[in-house]
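So this one's target.txt, compact mmCIF, C-alpha atoms:
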```
# COMPACT_ATOMS: atom_id res chain seq x y z
CA MET A 1 -62.13 53.60 7.48
CA ASN A 2 -63.49 55.23 4.35
CA SER A 3 -61.81 58.27 2.79
CA GLN A 4 -64.40 60.76 4.03
CA LYS A 5 -64.07 59.58 7.62
CA ARG A 6 -60.27 59.48 7.32
CA ASP A 7 -60.11 63.05 6.01
CA ALA A 8 -62.39 64.35 8.78
CA ARG A 9 -60.34 62.59 11.41
CA ALA A 10 -57.05 63.80 9.95
CA GLN A 11 -58.29 67.37 10.04
CA ARG A 12 -59.45 66.89 13.62
CA VAL A 13 -56.21 65.39 14.88
CA ARG A 14 -54.19 68.17 13.22
CA ALA A 15 -56.36 70.77 14.94
CA MET A 16 -55.95 68.96 18.26
CA ASN A 17 -52.20 68.76 17.87
CA SER A 18 -52.00 72.46 16.99
CA VAL A 19 -53.77 73.34 20.25
CA LEU A 20 -51.65 70.90 22.23
CA LYS A 21 -48.42 72.35 20.84
CA LYS A 22 -49.44 75.80 22.06
CA LEU A 23 -50.42 74.48 25.47
CA PHE A 24 -47.29 72.35 25.92
CA PRO A 25 -44.53 73.63 23.60
CA ARG A 26 -41.79 71.77 25.47
CA ALA A 27 -43.60 68.52 26.17
CA LYS A 28 -41.29 65.62 26.93
CA ILE A 29 -41.20 62.43 28.93
CA GLU A 30 -41.48 63.06 32.66
CA LEU A 31 -39.91 59.81 33.82
CA HIS A 32 -36.45 60.19 35.35
CA TYR A 33 -33.63 57.97 34.10
CA GLY A 34 -29.89 58.06 33.52
CA ASN A 35 -29.40 55.60 30.67
CA ASN A 36 -31.34 53.47 28.19
CA TRP A 37 -31.76 50.53 30.55
CA GLU A 38 -33.14 52.77 33.29
CA LEU A 39 -35.56 54.25 30.75
CA LEU A 40 -36.80 50.77 29.88
CA VAL A 41 -37.25 49.91 33.56
CA ALA A 42 -39.07 53.17 34.28
CA VAL A 43 -41.46 52.71 31.36
CA GLN A 44 -42.24 49.16 32.45
CA LEU A 45 -42.94 50.37 35.97
CA SER A 46 -45.21 53.13 34.68
CA ALA A 47 -47.89 50.69 33.49
CA GLN A 48 -51.02 51.45 35.54
CA CYS A 49 -48.93 53.81 37.68
CA THR A 50 -48.26 57.55 37.68
CA ASP A 51 -44.94 58.96 36.54
CA ALA A 52 -44.64 60.76 39.88
CA ARG A 53 -44.88 57.48 41.77
CA VAL A 54 -42.41 55.78 39.42
CA ASN A 55 -39.91 58.63 39.85
CA LYS A 56 -40.17 58.30 43.61
CA VAL A 57 -39.50 54.57 43.42
CA THR A 58 -36.66 54.80 40.90
CA GLU A 59 -34.89 57.49 42.91
CA THR A 60 -33.95 54.68 45.31
CA LEU A 61 -34.10 51.77 42.87
CA PHE A 62 -31.52 53.18 40.47
CA LYS A 63 -29.07 53.73 43.31
CA LYS A 64 -29.50 50.19 44.59
CA TYR A 65 -29.26 48.49 41.17
CA ARG A 66 -26.72 50.30 39.00
CA THR A 67 -26.22 47.84 36.13
CA VAL A 68 -28.28 45.53 33.95
CA ARG A 69 -26.51 42.61 35.59
CA ALA A 70 -27.59 43.78 39.04
CA TYR A 71 -31.23 43.43 37.97
CA ALA A 72 -30.59 40.05 36.35
CA GLU A 73 -29.01 38.76 39.56
CA ALA A 74 -31.53 40.31 41.97
CA SER A 75 -33.91 37.90 43.66
CA GLN A 76 -37.58 38.06 42.72
CA GLN A 77 -38.60 38.86 46.29
CA GLU A 78 -35.99 41.57 46.68
CA LEU A 79 -37.01 43.36 43.49
CA GLU A 80 -40.70 43.01 44.35
CA ARG A 81 -40.09 44.83 47.62
CA ALA A 82 -38.18 47.58 45.85
CA ILE A 83 -40.97 48.32 43.36
CA PHE A 84 -43.98 47.34 45.49
CA SER A 85 -45.69 50.74 45.44
CA CYS A 86 -45.80 50.83 41.60
CA GLY A 87 -48.47 48.13 41.57
CA PHE A 88 -48.48 44.80 39.72
CA TYR A 89 -45.08 44.40 41.35
CA ARG A 90 -44.79 40.61 40.97
CA ASN A 91 -45.24 40.60 37.23
CA LYS A 92 -43.16 43.75 36.74
CA ALA A 93 -40.29 42.32 38.80
CA LYS A 94 -40.42 39.04 36.86
CA ASN A 95 -40.36 40.83 33.50
CA ILE A 96 -37.60 43.26 34.46
CA ARG A 97 -35.36 40.45 35.69
CA ALA A 98 -36.04 38.37 32.57
CA ALA A 99 -35.47 41.36 30.27
CA ALA A 100 -32.16 42.05 32.01
CA ARG A 101 -31.01 38.47 31.47
CA MET A 102 -32.03 38.54 27.82
CA ILE A 103 -30.25 41.84 27.21
CA LEU A 104 -27.09 40.39 28.75
CA ASP A 105 -27.31 37.05 26.92
CA VAL A 106 -28.57 38.17 23.52
CA TYR A 107 -27.76 41.86 23.09
CA GLY A 108 -24.39 42.25 24.78
CA GLY A 109 -25.76 44.19 27.72
CA LYS A 110 -27.28 46.97 25.59
CA VAL A 111 -30.94 47.83 25.11
CA PRO A 112 -31.88 46.98 21.49
CA ASP A 113 -32.47 49.90 19.17
CA CYS A 114 -35.14 48.43 16.88
CA MET A 115 -38.81 47.60 17.31
CA LYS A 116 -38.45 43.93 16.35
CA ASP A 117 -35.87 43.21 19.04
CA LEU A 118 -37.49 45.33 21.73
CA LEU A 119 -40.75 43.42 21.32
CA LEU A 120 -38.90 40.18 22.14
CA LEU A 121 -38.07 41.45 25.63
CA PRO A 122 -40.35 40.21 28.43
CA GLY A 123 -42.91 42.81 29.44
CA VAL A 124 -42.36 44.99 26.36
CA ALA A 125 -45.27 45.74 24.04
CA ARG A 126 -45.50 48.41 21.34
CA LYS A 127 -46.25 51.26 23.74
CA THR A 128 -43.10 50.64 25.77
CA ALA A 129 -41.03 50.00 22.65
CA ASN A 130 -42.20 53.24 21.02
CA VAL A 131 -41.32 55.27 24.13
CA VAL A 132 -37.86 53.70 24.37
CA LEU A 133 -37.11 54.08 20.66
CA SER A 134 -38.20 57.73 20.58
CA ASN A 135 -36.46 58.87 23.76
CA ALA A 136 -33.34 56.69 23.70
CA PHE A 137 -32.57 56.48 19.99
CA ASN A 138 -34.60 59.24 18.31
CA VAL A 139 -36.27 56.53 16.22
CA HIS A 140 -39.97 57.02 15.53
CA GLU A 141 -41.72 53.91 14.27
CA GLY A 142 -45.15 54.67 15.66
CA ILE A 143 -47.17 56.39 18.38
CA ALA A 144 -47.08 55.19 21.97
CA VAL A 145 -50.72 54.46 22.76
CA ASP A 146 -50.90 54.61 26.54
CA THR A 147 -54.03 55.09 28.60
CA HIS A 148 -54.19 58.82 27.78
CA VAL A 149 -53.77 58.46 24.02
CA ARG A 150 -56.28 55.62 23.96
CA ARG A 151 -58.83 57.64 25.94
CA PHE A 152 -58.61 60.73 23.76
CA ALA A 153 -58.45 58.81 20.49
CA ILE A 154 -61.76 57.18 21.37
CA ARG A 155 -63.39 60.30 22.77
CA PHE A 156 -62.46 62.44 19.77
CA ASP A 157 -63.46 59.77 17.25
CA LEU A 158 -60.01 59.24 15.79
CA THR A 159 -60.46 55.48 15.65
CA ASP A 160 -63.11 52.77 15.48
CA PHE A 161 -61.23 50.53 17.90
CA THR A 162 -60.39 50.20 21.59
CA ASP A 163 -57.29 47.99 21.19
CA PRO A 164 -54.06 50.05 21.47
CA VAL A 165 -52.37 48.35 18.51
CA ARG A 166 -55.27 49.08 16.18
CA ILE A 167 -55.59 52.62 17.55
CA GLU A 168 -51.92 53.18 16.75
CA ARG A 169 -52.47 51.98 13.18
CA ASP A 170 -55.25 54.53 12.75
CA LEU A 171 -53.29 57.41 14.28
CA VAL A 172 -50.16 56.93 12.18
CA ILE A 173 -52.34 57.17 9.07
CA LEU A 174 -53.95 60.38 10.32
CA MET A 175 -50.85 62.19 11.59
CA PRO A 176 -47.68 63.38 9.85
CA LYS A 177 -44.70 61.34 11.04
CA ARG A 178 -42.95 64.46 12.34
CA ASP A 179 -45.70 64.78 14.97
CA TRP A 180 -45.73 61.19 16.20
CA TRP A 181 -43.10 61.70 18.89
CA GLY A 182 -44.71 64.61 20.72
CA PHE A 183 -48.36 63.62 20.48
CA ASN A 184 -48.24 61.12 23.33
CA HIS A 185 -46.43 63.50 25.70
CA ARG A 186 -48.83 66.36 24.97
CA LEU A 187 -51.91 64.24 25.54
CA VAL A 188 -50.49 62.95 28.83
CA LEU A 189 -50.02 66.52 30.02
CA TYR A 190 -53.46 67.51 28.72
CA GLY A 191 -55.00 64.66 30.67
CA ARG A 192 -53.20 65.66 33.83
CA HIS A 193 -53.78 69.40 33.69
CA PHE A 194 -57.10 69.79 31.87
CA CYS A 195 -59.05 66.59 31.39
CA PRO A 196 -58.36 63.74 33.86
CA ALA A 197 -59.87 60.29 33.41
CA ARG A 198 -62.41 60.69 36.20
CA LYS A 199 -65.76 62.05 35.12
CA HIS A 200 -66.05 65.82 35.36
CA ALA A 201 -67.43 68.84 33.51
CA CYS A 202 -65.16 69.33 30.52
CA GLY A 203 -67.23 71.50 28.20
CA THR A 204 -64.83 74.43 28.50
CA HIS A 205 -61.59 72.49 27.97
CA PRO A 206 -59.33 73.71 25.13
CA LEU A 207 -59.95 70.73 22.83
CA THR A 208 -63.70 70.56 23.27
CA ASP A 209 -64.45 73.21 20.62
CA ILE A 210 -62.73 71.04 18.02
CA TYR A 211 -65.13 68.16 18.59
CA PRO A 212 -68.01 68.96 21.00
CA PRO A 213 -69.42 65.37 20.94
CA ALA A 214 -66.34 64.34 22.93
CA VAL A 215 -68.06 65.66 26.04
CA LYS A 216 -70.67 62.91 25.74
CA LYS A 217 -68.23 60.06 25.22
CA TRP A 218 -67.34 59.24 28.82
CA PRO A 219 -68.87 55.76 29.00
CA ARG A 220 -67.15 54.53 25.84
CA ALA A 221 -63.75 56.02 26.66
CA ALA A 222 -63.62 54.95 30.28
```
Written as structure tokens, how would this file's structure read?
Amino acid sequence: MNSQKRDARAQRVRAMNSVLKKLFPRAKIELHYGNNWELLVAVQLSAQCTDARVNKVTETLFKKYRTVRAYAEASQQELERAIFSCGFYRNKAKNIRAAARMILDVYGGKVPDCMKDLLLLPGVARKTANVVLSNAFNVHEGIAVDTHVRRFAIRFDLTDFTDPVRIERDLVILMPKRDWWGFNHRLVLYGRHFCPARKHACGTHPLTDIYPPAVKKWPRAA
């Protein structure tokens, strides 16, 4: 992006984040977990699934499987049944079991604390790794571009791309590093409470005044 476009976008994202901080001053992850492994499992389950649904599933799941080894030794069919309602349950169960085995065999039973190693785990891409690093280790290497961040980045013209990895590259250039951690959580809450993904009248939403053309961007952001 050229410097003029970058400066306009940086100003826009700062204004958006200022509004979001006022709306959600205590924004944080809404997934329930008791340790780093459970956080990783919950984030993997949250793909294409609501946090509320994941929390309902993990309330039972985390009582049934209490250790990394328990997941590694669980049968595919058994774990599929336990997470069925989260959707994409076959692939999620396969990845969780494989990640558990790798963590036991390679990382001494502990969730890795760096991006490079997290990305080697089955089922873990940058979004999941960013969430785990930020919430488990207070390490901020990027911005977790989930469906909400992707949608708003496109609608508010903060990027020229639709791919989450390239969107993240644009956002980290536009935003101060100190704001990376909270931006994802605030946009998730904004999407839930003000501007859901389904088409609706959003001309009066708090962020619309910052960039009115966002109202017309439904087809591209969907």
CA of Glu141 (chain A) and CA of Tyr107 (chain A) are how many Å apart?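 So the two atoms, CA of Glu141 (chain A) and CA of Tyr107 (chain A), lie 20.4 Å apart.
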Using only C-alpha atoms, determine which residues lie at most 12 Å from Lys21 (chain A), disregarding the query and same-chain residues fewer than 3 positions distant; provide the list as a PDB file with C-alpha atoms, keeping the file's coordinate frame.
```
ATOM      1  CA  ARG A  14     -54.190  68.170  13.220  1.00  0.00           C
ATOM      2  CA  ALA A  15     -56.360  70.770  14.940  1.00  0.00           C
ATOM      3  CA  MET A  16     -55.950  68.960  18.260  1.00  0.00           C
ATOM      4  CA  ASN A  17     -52.200  68.760  17.870  1.00  0.00           C
ATOM      5  CA  SER A  18     -52.000  72.460  16.990  1.00  0.00           C
ATOM      6  CA  PHE A  24     -47.290  72.350  25.920  1.00  0.00           C
ATOM      7  CA  PRO A  25     -44.530  73.630  23.600  1.00  0.00           C
ATOM      8  CA  ARG A  26     -41.790  71.770  25.470  1.00  0.00           C
ATOM      9  CA  ALA A  27     -43.600  68.520  26.170  1.00  0.00           C
ATOM     10  CA  LYS A  28     -41.290  65.620  26.930  1.00  0.00           C
ATOM     11  CA  ASP A 179     -45.700  64.780  14.970  1.00  0.00           C
ATOM     12  CA  GLY A 182     -44.710  64.610  20.720  1.00  0.00           C
ATOM     13  CA  PHE A 183     -48.360  63.620  20.480  1.00  0.00           C
ATOM     14  CA  ASN A 184     -48.240  61.120  23.330  1.00  0.00           C
ATOM     15  CA  HIS A 185     -46.430  63.500  25.700  1.00  0.00           C
ATOM     16  CA  ARG A 186     -48.830  66.360  24.970  1.00  0.00           C
ATOM     17  CA  LEU A 187     -51.910  64.240  25.540  1.00  0.00           C
ATOM     18  CA  LEU A 189     -50.020  66.520  30.020  1.00  0.00           C
ATOM     19  CA  TYR A 190     -53.460  67.510  28.720  1.00  0.00           C
ATOM     20  CA  PRO A 206     -59.330  73.710  25.130  1.00  0.00           C
ATOM     21  CA  LEU A 207     -59.950  70.730  22.830  1.00  0.00           C
TER      22      LEU A 207
END
```
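Across the model, the gap from CA of Ile173 (chain A) to CA of Leu31 (chain A) is 27.8 Å.
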To one decimal place in Å, what is the distance between CA of Ala144 (chain A) and CA of Thr162 (chain A)?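 Atom-to-atom, CA of Ala144 (chain A) to CA of Thr162 (chain A), that is 14.2 Å.
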For Ala214 (chain A), please output as a PDB file with C-alpha atoms, in the frame of the given file all residues within 12 Å (counting only C-alpha atoms; exclusion window: fewer than 4 positions along the same chain).
```pdb
ATOM      1  CA  ARG A  12     -59.450  66.890  13.620  1.00  0.00           C
ATOM      2  CA  ARG A 151     -58.830  57.640  25.940  1.00  0.00           C
ATOM      3  CA  PHE A 152     -58.610  60.730  23.760  1.00  0.00           C
ATOM      4  CA  ALA A 153     -58.450  58.810  20.490  1.00  0.00           C
ATOM      5  CA  ILE A 154     -61.760  57.180  21.370  1.00  0.00           C
ATOM      6  CA  ARG A 155     -63.390  60.300  22.770  1.00  0.00           C
ATOM      7  CA  PHE A 156     -62.460  62.440  19.770  1.00  0.00           C
ATOM      8  CA  ASP A 157     -63.460  59.770  17.250  1.00  0.00           C
ATOM      9  CA  LEU A 158     -60.010  59.240  15.790  1.00  0.00           C
ATOM     10  CA  CYS A 195     -59.050  66.590  31.390  1.00  0.00           C
ATOM     11  CA  ALA A 201     -67.430  68.840  33.510  1.00  0.00           C
ATOM     12  CA  CYS A 202     -65.160  69.330  30.520  1.00  0.00           C
ATOM     13  CA  GLY A 203     -67.230  71.500  28.200  1.00  0.00           C
ATOM     14  CA  THR A 204     -64.830  74.430  28.500  1.00  0.00           C
ATOM     15  CA  HIS A 205     -61.590  72.490  27.970  1.00  0.00           C
ATOM     16  CA  PRO A 206     -59.330  73.710  25.130  1.00  0.00           C
ATOM     17  CA  LEU A 207     -59.950  70.730  22.830  1.00  0.00           C
ATOM     18  CA  THR A 208     -63.700  70.560  23.270  1.00  0.00           C
ATOM     19  CA  ASP A 209     -64.450  73.210  20.620  1.00  0.00           C
ATOM     20  CA  ILE A 210     -62.730  71.040  18.020  1.00  0.00           C
ATOM     21  CA  TRP A 218     -67.340  59.240  28.820  1.00  0.00           C
ATOM     22  CA  PRO A 219     -68.870  55.760  29.000  1.00  0.00           C
ATOM     23  CA  ARG A 220     -67.150  54.530  25.840  1.00  0.00           C
ATOM     24  CA  ALA A 221     -63.750  56.020  26.660  1.00  0.00           C
TER      25      ALA A 221
END
```
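The closest residue to Val111 (chain A), picked from A:Thr67, A:Gln11, A:Gln48, A:Thr58 and counting only C-alpha atoms, is A:Thr67.
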Would you please work out which residue, of A:Arg150, A:Lys177, A:Tyr211, A:Arg81, is nearest to Gly191 (chain A) when using only C-alpha atoms? A:Arg150
